[in-house]
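Peer 1: Next up is a structure, given as structure tokens.
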Amino acid sequence: MSKFSHTLTAVAVGAILSAAAGPAVAVDLQLTPSLINFEQPIGIDWQAPNKLILSEHYASGLPYNFDRINPSNGDSQQAFGGVSGLLEEVQFGTVWPSACLSGSGFALGDVYSGNGVAGQILRISADGTTVQNPWLTLSGETDLIRGSIFQDRFGVAGCDLIVATSSAENDVGGNVYRVTSGRDYTKIAAFSAHLEGLTTLPNRPALYGPAAGRILVGADEYIVAINPNAPYDFFTIGGPGTTGIAGHTHYGTNVAIDPEDLDVIPWGATFYGVAYLNGVIYQAPASDFANFCGQLLITKEFVDSGTSGLLAMRWDGTANNGSGAFVTHPLTADVPIGQWEQVTFAGGTGCPTTGRMTGGGSIFTGPEDSTRVTHGFALRCDASDKRQSLEINWRGDQGSNNFHLTGITKAICVDDPAIQPQPPNAGIDTYVGEGVGTCNGQPATISFVFTDAGEPGTSDTAKYHIAGACTLDTVQSLLNKGNHQAHRN
């Protein structure tokens, strides 16, 4: 197995507690070269917890097709999976962590890709040691698996693998399939268009309108939003002058979209994108995308002068006198990008939202009942809101202890996709906070995480760190005799 060293910059993957305030100059994105000197890169995807998988050596696939690197600590790039000779574009999908993963049959970190043969999909295990080629052959399929592959991590398409086929830039057709981990598959749409870019959308109508809970695929100048549970039920979204597909609803947007890749923007995740023409992987910090969290990132292949080639799209339910419309925001950058290929986000979680969390219960710091720590709270997601309460009681070496919250200094409420089931209509399931207060009447500080993983509360968790007049450190622990409740308002 060959080992190739590439120059790179140290990049810290964004975390939920460390999002910065924003770019220093008046552009949306601070794009900087992160990984350079690649040989004709095409595909890129995050592999949890801290790796990036890339495909390069277009169009021969020699001496190898896939690489793996840890961008945050400067690991040298190494060939991944021992696969070589896959021709043309290799765009692939990696299985991400999510609540959808449990019971789906798909394994975290596994990679799925076309192999250059019509209708065939290969699989590489997360550690790169096992290659199944082909893992599946789609009977009767005449196009290559080069349109994109995406494992549904939002649970709207049965957590299946979604596959789009397409043969060439000037082809006249492409198909979309749902594929189970057991390799059963169903064709759910067929188009007379080149297909590239693929995702599913969470079932959040306020953010995605009629596209919520659908499969999205790029098709030439527009996006097709496919009902995952009703074959050939879809509508189109496109820029000015596009009309979509005859017989199906078409939504216009304010700018041309021409999708190359489609991604849901997470919270606290570093962006990485393949700039094909100069062999550079650009990165942008998580803070640059904070204002667009949850929106659909549309990546255009060929970039207009003066733009980044990246668009953030959302649903505006108040537009058109209340009938709604899709609105795109062209993201600006100070780096000229000639041509994008695949892009990804490394890590991240659901988006912060307004709401509150209430409840309480106990966790243990040891095996005995004397190590029980009991808490009760009513917390608002807005740190400026003064209506905050938190009490924690436990026994220590010197007797009973009480922490009393007097003020919240940081409040981040998110909808963590790894937590299932979601609390009904709450929009959040995790409260990450910091505050000040007293411990046994003396000054103290606290940081904490509370989660609501649904009823009856036995899957809810708590974690806290108290310092100052007294100290308490716990790990994230399941509640014993308690319940947390997330609320939308």
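By convention in this document, the chains of the structure tokens carry letters A, B, ... by their order, each chain's residues are numbered from 1, and ligands are numbered from 1 in the order they are shown.
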Just list the residues in stretch 151-232 of chain A DSSP gives alpha helix (DSSP H) on the backbone, as a short mmCIF file (atom, residue, chain, number, x, y, z; two decimals) with N, CA and C atoms, in the first residue's frame.

Peer 2:
data_model
loop_
_atom_site.label_atom_id
_atom_site.label_comp_id
_atom_site.auth_asym_id
_atom_site.auth_seq_id
_atom_site.Cartn_x
_atom_site.Cartn_y
_atom_site.Cartn_z
N PRO A 205 -40.97 21.09 7.73
CA PRO A 205 -41.64 21.94 6.74
C PRO A 205 -41.34 23.42 6.89
N ALA A 206 -41.12 23.90 8.11
CA ALA A 206 -40.87 25.33 8.28
C ALA A 206 -39.58 25.74 7.57
N LEU A 207 -38.63 24.85 7.45
CA LEU A 207 -37.35 25.16 6.82
C LEU A 207 -37.30 24.74 5.36
N TYR A 208 -37.99 23.66 5.01
CA TYR A 208 -37.89 23.11 3.66
C TYR A 208 -39.19 23.14 2.89
#

Peer 1: Just the residues within 10 Å of A:Gly197, please, counting only C-alpha atoms, with nothing from its chain fewer than 3 positions along; format it as a list of chain:residue names.

Peer 2: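 Counting only the stated atoms, we get A:Gln91, A:Arg146, A:Gly147, A:Ser148, A:Ile149, A:Phe150, A:Ala164, A:Leu216, A:Val217, A:Gly218, A:Ala219, A:Ile223, A:Pro259, A:Glu260, A:Asp261, A:Leu262, A:Asp263, A:Ile298, A:Thr299, A:Lys300, A:Glu341, A:Gln342, A:Val343.
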
Peer 1: Taking only stretch 119-300 of chain A into account, list the residues labelled strand (DSSP E) by DSSP (computed from the backbone), as an NGL selection string.

Peer 2: :A and (120-124 or 131-137 or 148-151 or 161-164 or 174-179 or 185-191 or 195-200 or 215-219 or 222-226 or 234-238 or 250-252 or 259-264 or 270-275 or 280-284 or 296-300)

Peer 1: Nearest residue to A:Ala79 out of A:Pro352, A:Gly361, A:Gly376, A:Gly128, using only C-alpha atoms?

Peer 2: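 Checking each of A:Pro352, A:Gly361, A:Gly376, A:Gly128 against A:Ala79, counting only C-alpha atoms, the winner is A:Gly128.
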
Peer 1: Would you mind telling me which residue in A:Val475, A:Thr307, A:Gln132, A:Tyr112 lies nearest to A:Val163 when using only C-alpha atoms?

Peer 2: A:Tyr112

Peer 1: Could you work out how far atom CA of A:Tyr177 lies from atom CA of A:Ala118, giving the answer in Å with one decimal?

Peer 2: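 So the two atoms, atom CA of A:Ala118 and atom CA of A:Tyr177, lie 13.9 Å apart.
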
Peer 1: Find the residues around stretch 334-338 of chain A up to 8 Å (only C-alpha atoms counted), leave out those fewer than 3 positions away in its own chain, and share them as a ChimeraX atom specification.

Peer 2: /A:27,29-32,275-277,302-309

Peer 1: For a test of reading the model, state the distance in Å between atom CA of A:His329 and atom CA of A:Arg314, rounded to one decimal.

Peer 2: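 Value for the atom CA of A:His329-atom CA of A:Arg314 distance: 8.7 Å.
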
Peer 1: Can you measure atom CA of A:Gly213 to atom CA of A:Leu201 for me? One decimal in Å is fine.

Peer 2: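 About the pair atom CA of A:Gly213 and atom CA of A:Leu201: they are 5.1 Å apart.
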
Peer 1: Let me make sure I understand: among A:Phe345, A:Gly279, A:Gly174, A:Ile237, which one has the smallest atom-to-atom distance to A:Val327 if we use only C-alpha atoms?

Peer 2: A:Ile237

Peer 1: Quick one: residues within 9 Å of A:Lys187, only C-alpha atoms, excluding same-chain residues fewer than 6 positions away - as a PDB file with C-alpha atoms, in the first residue's frame?

Peer 2:
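What ended up in around01.pdb:
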ATOM      1  CA  ASN A 175     -32.359   6.751 -12.317  1.00  0.00           C
ATOM      2  CA  VAL A 176     -32.789   6.999  -8.544  1.00  0.00           C
ATOM      3  CA  TYR A 177     -33.009   3.928  -6.281  1.00  0.00           C
ATOM      4  CA  ARG A 178     -33.582   3.089  -2.640  1.00  0.00           C
ATOM      5  CA  VAL A 179     -31.327   0.237  -1.497  1.00  0.00           C
ATOM      6  CA  PRO A 231     -42.382   6.169  -6.807  1.00  0.00           C
ATOM      7  CA  TYR A 232     -42.356   8.837  -9.536  1.00  0.00           C
TER       8      TYR A 232
END

Peer 1: Skip A:Asp220 itself and residues of its chain fewer than 2 positions away, then list as a list of chain:residue names all residues within 6 Å of it, counting only C-alpha atoms.

Peer 2: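 The filter keeps A:His194, A:Tyr222, A:Asp258.
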
Peer 1: Emit the selected residues as a compact mmCIF listing (two decimals), in the first residue's frame, including C-alpha atoms.

Peer 2:
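So part-v5.txt came out as:
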# COMPACT_ATOMS: atom_id res chain seq x y z
CA HIS A 194 -27.73 14.14 -16.00
CA TYR A 222 -32.71 22.15 -11.39
CA ASP A 258 -27.05 24.15 -11.66
